[in-house]
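Engineer: Here you go, one structure.
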Amino acid sequence: MNRLWKCMGLAVLCGVLQSPYFLSIPGRLLFSDILLQLGFGHMEFDISSLVDLSLRLLPFLLFQIYFGSFLFRRFCSASAYFFSRCNHRTRWFLKQSALLYGYVACFLLAMTLAATAVGVFTRQVVFDGSSALLFGSYLLTHSLWLFLTTLGVNIVAIKLGSGAAFQLVAGAQLACVLLLLLWKDVLPLTAESPHLALGGMLLRCNPVAHLVLAWHTSGMEALDQRVGSLGIRFPFYVSVLFLLLLALAVVAVGCWVVKRQDLIVSHQETGGAS
């Protein structure tokens, strides 16, 4: 329970810190405006926008730091004793993964509520009809990504230690952000580009691109007036399926690592054998 309250406190702090992004919007403030800003706003493929995108990943990175030892802590001390009483490591890992996803969902919900509360207390927030689908898409895509990256930190930490694991996973996320520069000049998403279809397909292979809500399309006219800034077909359901497959792959790798991990090993975190 203590961990949950700390998670909620971190989420509220992150939600408040992101409020300047949408409080500067002129005119009435829509709930979909808040969601779009939590979903990294209307990003462009240039250095300034990608630096901004990297900074907006800070709540994710803070969550990954705090929960980076959520499963790994069992391998740091007394692991042989703990797992001698746990006959089914795979079942244990799946239960812990489900619990981690619960923390992820609570974190995102609390962050959204905190950001919305700031909007309500400072301005009038209008809950428009298109925000329901946008809210669901935001929760699904962002929770899957935050879950698989945080779980990835825990899995890598079992082999390399928590510090190296966080650096590796955080570095991979920032590398995905930097790769978006390819779509500025090399693979521009313009009608004049001879590689428009290829560029769109490759963009959907970059997992970070699935987090930018404004780049998507929905098939819902009211919502598509707010999103679809790239001018290409980029359905929300494609992002959900893509990130779900990545999450399942990470879970499968985690099951394999946990099942085969030798418990009598030396860990950097403890300085000796567990």
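Scheme for the structure tokens: letters A, B, ... for chains in order shown; per-chain residue numbers from 1; ligand numbers from 1 in order shown.
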Please identify every residue of range 139-166 of chain A that has at least one atom no farther than 12 Å from an atom of range 195-219 of chain A, counting only C-alpha atoms, and for each give the shortest atom pair and the distance in Å to one decimal, arranged by chain then increasing number, as JSON lines.

Structural biologist:
```
{"residue": "A:Leu139", "atom": "CA", "partner": "A:Leu211", "partner_atom": "CA", "distance": 10.1}
{"residue": "A:Leu140", "atom": "CA", "partner": "A:Leu211", "partner_atom": "CA", "distance": 9.9}
{"residue": "A:Thr141", "atom": "CA", "partner": "A:Leu211", "partner_atom": "CA", "distance": 6.3}
{"residue": "A:His142", "atom": "CA", "partner": "A:Leu211", "partner_atom": "CA", "distance": 6.3}
{"residue": "A:Ser143", "atom": "CA", "partner": "A:Leu211", "partner_atom": "CA", "distance": 9.9}
{"residue": "A:Leu144", "atom": "CA", "partner": "A:Leu211", "partner_atom": "CA", "distance": 10.0}
{"residue": "A:Trp145", "atom": "CA", "partner": "A:Leu211", "partner_atom": "CA", "distance": 8.1}
{"residue": "A:Leu146", "atom": "CA", "partner": "A:Leu211", "partner_atom": "CA", "distance": 10.3}
{"residue": "A:Leu148", "atom": "CA", "partner": "A:Pro207", "partner_atom": "CA", "distance": 11.2}
{"residue": "A:Thr149", "atom": "CA", "partner": "A:Pro207", "partner_atom": "CA", "distance": 10.9}
```

Engineer: Write out as a list in words which residues come within 12 Å of Val227 in chain A when counting only C-alpha atoms, dropping same-chain ones fewer than 6 positions away.

Structural biologist: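 Listing them by chain and then by number gives Ser32, Asp33, Leu35, Leu36, Gln37, Gly39, Gly41, His42, Met43, Ser130, Ser131, Leu133, Leu134, Val212, Leu213, Ala214, Trp215, His216, Thr217, Ser218, Gly219, Met220, Glu221, Arg233, Phe234, Pro235 and Phe236 of chain A.
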
Engineer: With N, CA and C atoms retained, could you export that selection as a short mmCIF file (atom, residue, chain, number, x, y, z; two decimals), in the first residue's frame?

Structural biologist:
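Here's the written file part.cif:
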```cif
data_model
loop_
_atom_site.label_atom_id
_atom_site.label_comp_id
_atom_site.auth_asym_id
_atom_site.auth_seq_id
_atom_site.Cartn_x
_atom_site.Cartn_y
_atom_site.Cartn_z
N SER A 32 -10.10 17.00 -24.46
CA SER A 32 -9.25 16.40 -25.50
C SER A 32 -7.95 17.19 -25.66
N ASP A 33 -7.97 18.50 -25.38
CA ASP A 33 -6.73 19.29 -25.41
C ASP A 33 -5.75 18.78 -24.36
N LEU A 35 -5.67 15.77 -23.05
CA LEU A 35 -5.19 14.45 -23.45
C LEU A 35 -4.14 14.54 -24.55
N LEU A 36 -4.37 15.42 -25.51
CA LEU A 36 -3.40 15.57 -26.60
C LEU A 36 -2.05 16.06 -26.08
N GLN A 37 -2.08 16.94 -25.09
CA GLN A 37 -0.82 17.42 -24.54
C GLN A 37 -0.14 16.35 -23.69
N GLY A 39 -0.37 13.36 -24.41
CA GLY A 39 0.10 12.49 -25.49
C GLY A 39 1.11 13.18 -26.38
N GLY A 41 1.48 16.24 -27.53
CA GLY A 41 1.15 17.39 -28.35
C GLY A 41 1.28 17.14 -29.84
N HIS A 42 1.34 18.23 -30.59
CA HIS A 42 1.46 18.16 -32.06
C HIS A 42 2.94 18.25 -32.43
N MET A 43 3.60 17.13 -32.42
CA MET A 43 5.04 17.08 -32.65
C MET A 43 5.38 17.20 -34.13
N SER A 130 -15.55 13.79 -28.45
CA SER A 130 -14.45 13.03 -29.05
C SER A 130 -13.42 12.58 -28.02
N SER A 131 -13.51 13.10 -26.81
CA SER A 131 -12.47 12.80 -25.82
C SER A 131 -12.58 11.38 -25.27
N LEU A 133 -13.07 8.40 -26.87
CA LEU A 133 -12.21 7.50 -27.64
C LEU A 133 -10.75 7.88 -27.48
N LEU A 134 -10.47 9.16 -27.43
CA LEU A 134 -9.10 9.61 -27.27
C LEU A 134 -8.55 9.19 -25.91
N VAL A 212 2.43 9.34 -29.76
CA VAL A 212 2.03 10.71 -30.13
C VAL A 212 0.60 10.66 -30.65
N LEU A 213 -0.35 11.04 -29.84
CA LEU A 213 -1.77 10.89 -30.18
C LEU A 213 -2.15 11.69 -31.42
N ALA A 214 -1.57 12.87 -31.57
CA ALA A 214 -1.97 13.76 -32.66
C ALA A 214 -1.59 13.21 -34.03
N TRP A 215 -0.72 12.22 -34.09
CA TRP A 215 -0.33 11.65 -35.39
C TRP A 215 -1.32 10.60 -35.88
N HIS A 216 -2.26 10.20 -35.05
CA HIS A 216 -3.14 9.08 -35.37
C HIS A 216 -4.39 9.51 -36.13
N THR A 217 -5.09 8.49 -36.62
CA THR A 217 -6.41 8.68 -37.22
C THR A 217 -7.36 7.69 -36.55
N SER A 218 -8.66 8.00 -36.59
CA SER A 218 -9.61 7.17 -35.86
C SER A 218 -10.79 6.68 -36.70
N GLY A 219 -11.09 7.37 -37.79
CA GLY A 219 -12.29 7.06 -38.54
C GLY A 219 -13.51 7.76 -37.98
N MET A 220 -13.35 8.48 -36.89
CA MET A 220 -14.42 9.24 -36.26
C MET A 220 -14.23 10.71 -36.64
N GLU A 221 -15.17 11.26 -37.39
CA GLU A 221 -14.97 12.58 -37.99
C GLU A 221 -14.66 13.65 -36.95
N ARG A 233 -2.67 7.56 -42.98
CA ARG A 233 -3.52 6.67 -42.21
C ARG A 233 -2.70 6.02 -41.09
N PHE A 234 -3.09 6.29 -39.87
CA PHE A 234 -2.36 5.81 -38.70
C PHE A 234 -3.39 5.50 -37.60
N PRO A 235 -4.15 4.39 -37.74
CA PRO A 235 -5.25 4.10 -36.81
C PRO A 235 -4.76 3.83 -35.38
N PHE A 236 -5.58 4.22 -34.44
CA PHE A 236 -5.25 3.96 -33.03
C PHE A 236 -5.14 2.46 -32.75
#
```

Engineer: List as a list of chain:residue names the protein and nucleic acid residues near Leu29 in chain A, meaning an atom at most 8 Å away when only C-alpha atoms are counted, but skip any in the same chain fewer than 6 places from it.

Structural biologist: A:Phe22, A:Leu23, A:Gly119, A:Arg123, A:Gln124, A:Val125, A:Val126

Engineer: May I have all residues of range 12-254 of chain A that DSSP, computed from the backbone, assigns to strand (DSSP E or B), given as a list of chain:residue names?

Structural biologist: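 Taking range 12-254 of chain A and keeping strand (DSSP E or B) gives A:Leu29, A:Leu30, A:Val125, A:Val126, A:Thr217, A:Pro235.
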
Engineer: Go ahead and write the residues just picked, C-alpha atoms, as a PDB file, in the first residue's frame.

Structural biologist:
```pdb
ATOM      1  CA  LEU A  29     -10.028  24.304 -22.813  1.00  0.00           C
ATOM      2  CA  LEU A  30     -11.312  20.931 -24.014  1.00  0.00           C
ATOM      3  CA  VAL A 125     -12.792  22.497 -18.932  1.00  0.00           C
ATOM      4  CA  VAL A 126     -15.282  21.273 -21.553  1.00  0.00           C
ATOM      5  CA  THR A 217      -6.412   8.677 -37.222  1.00  0.00           C
ATOM      6  CA  PRO A 235      -5.249   4.105 -36.807  1.00  0.00           C
TER       7      PRO A 235
END
```

Engineer: Identify, on the basis of only C-alpha atoms, every residue whose closest approach to Cys255 in chain A does not exceed 12 Å; exclude the query and any residue fewer than 2 positions from it along the same chain; express the result as a list of chain:residue names.

Structural biologist: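 The residues that qualify are A:Leu71, A:His88, A:Arg89, A:Thr90, A:Arg91, A:Trp92, A:Phe93, A:Leu94, A:Lys95, A:Gln96, A:Ser97, A:Leu151, A:Gly152, A:Asn154, A:Ile155, A:Leu248, A:Ala249, A:Val250, A:Val251, A:Ala252, A:Val253, A:Val257, A:Val258, A:Lys259, A:Arg260, A:Gln261.
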
Engineer: Considering only C-alpha atoms, can you say which of A:Ile47, A:Cys106, A:Val169, A:Val177 comes closest to Gly68 in chain A?

Structural biologist: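 Answer, going by the shortest atom-to-atom distance: A:Val169.
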
Engineer: As an exercise, work out the distance from CA of Ala191 in chain A to CA of Asp224 in chain A in Å and give it to one decimal place.

Structural biologist: 18.8 Å

Engineer: Find the residues near Leu181 in chain A: any atom within 12 Å, counting only C-alpha atoms, skip ones fewer than 3 places away on the same chain, and give them as an MDAnalysis selection string.

Structural biologist: chainID A and resid 43:51 174:178 184:189 199 203 206 209

Engineer: Keeping C-alpha atoms for every residue in the selection just given, could you write it to a file as a PDB file, in the first residue's frame?

Structural biologist:
```pdb
ATOM      1  CA  MET A  43       5.040  17.078 -32.647  1.00  0.00           C
ATOM      2  CA  GLU A  44       7.093  17.864 -35.738  1.00  0.00           C
ATOM      3  CA  PHE A  45      10.134  16.054 -37.095  1.00  0.00           C
ATOM      4  CA  ASP A  46      12.699  18.664 -36.043  1.00  0.00           C
ATOM      5  CA  ILE A  47      15.276  18.958 -33.279  1.00  0.00           C
ATOM      6  CA  SER A  48      13.317  21.358 -31.061  1.00  0.00           C
ATOM      7  CA  SER A  49      10.177  19.204 -31.141  1.00  0.00           C
ATOM      8  CA  LEU A  50      12.122  16.014 -30.465  1.00  0.00           C
ATOM      9  CA  VAL A  51      13.961  17.629 -27.549  1.00  0.00           C
ATOM     10  CA  LEU A 174      15.790   8.157 -26.515  1.00  0.00           C
ATOM     11  CA  ALA A 175      17.292   6.432 -29.563  1.00  0.00           C
ATOM     12  CA  CYS A 176      13.749   5.854 -30.873  1.00  0.00           C
ATOM     13  CA  VAL A 177      13.090   9.575 -30.419  1.00  0.00           C
ATOM     14  CA  LEU A 178      16.250  10.531 -32.316  1.00  0.00           C
ATOM     15  CA  LYS A 184      12.308  15.207 -41.705  1.00  0.00           C
ATOM     16  CA  ASP A 185      14.375  14.882 -44.892  1.00  0.00           C
ATOM     17  CA  VAL A 186      15.112  11.208 -45.625  1.00  0.00           C
ATOM     18  CA  LEU A 187      11.524   9.879 -45.462  1.00  0.00           C
ATOM     19  CA  PRO A 188       9.307  12.984 -45.495  1.00  0.00           C
ATOM     20  CA  LEU A 189       5.595  12.292 -45.125  1.00  0.00           C
ATOM     21  CA  GLY A 199       7.852   6.231 -44.814  1.00  0.00           C
ATOM     22  CA  LEU A 203       7.193   5.164 -38.902  1.00  0.00           C
ATOM     23  CA  ASN A 206       9.095   3.038 -34.326  1.00  0.00           C
ATOM     24  CA  ALA A 209       5.639   7.166 -32.738  1.00  0.00           C
TER      25      ALA A 209
END
```

Engineer: Write out as a list in words which residues come within 10 Å of Leu17 in chain A when counting only C-alpha atoms, dropping same-chain ones fewer than 6 positions away.

Structural biologist: Ala11, Arg56, Pro59, Met111, Ala114, Ala115 and Val118 of chain A

Engineer: Measuring atom to atom with only C-alpha atoms, identify which of A:Leu241, A:Leu100, A:Leu180, A:Gly136 is nearest to Ser69 in chain A.

Structural biologist: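 Smallest separation from Ser69 in chain A among the options: A:Leu100.
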
Engineer: Taking only C-alpha atoms into account, which of A:Tyr237, A:Phe242, A:Leu13, A:Ile34 comes nearest Phe127 in chain A?

Structural biologist: A:Ile34

Engineer: Point out the residue among A:Ile25, A:Val16, A:Cys7, A:Val120 with the least atom-to-atom distance to Gly102 in chain A, counting only C-alpha atoms.

Structural biologist: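 Among the listed residues, A:Cys7 lies closest to Gly102 in chain A.
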
Engineer: Compile the contact shell of Leu61 in chain A as a list in words: residues with an atom at most 9 Å away, counting only C-alpha atoms, same-chain residues fewer than 6 positions apart removed.

Structural biologist: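 The contact residues come out as Leu146, Thr150, Phe166 and Ala170 of chain A.
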
Engineer: Next, the residues of the selection above should be written as a compact mmCIF listing (two decimals), in the first residue's frame with C-alpha atoms.

Structural biologist:
```
# COMPACT_ATOMS: atom_id res chain seq x y z
CA LEU A 146 5.19 2.14 -19.84
CA THR A 150 9.45 -0.91 -16.92
CA PHE A 166 17.80 1.57 -16.61
CA ALA A 170 16.22 4.68 -21.25
```
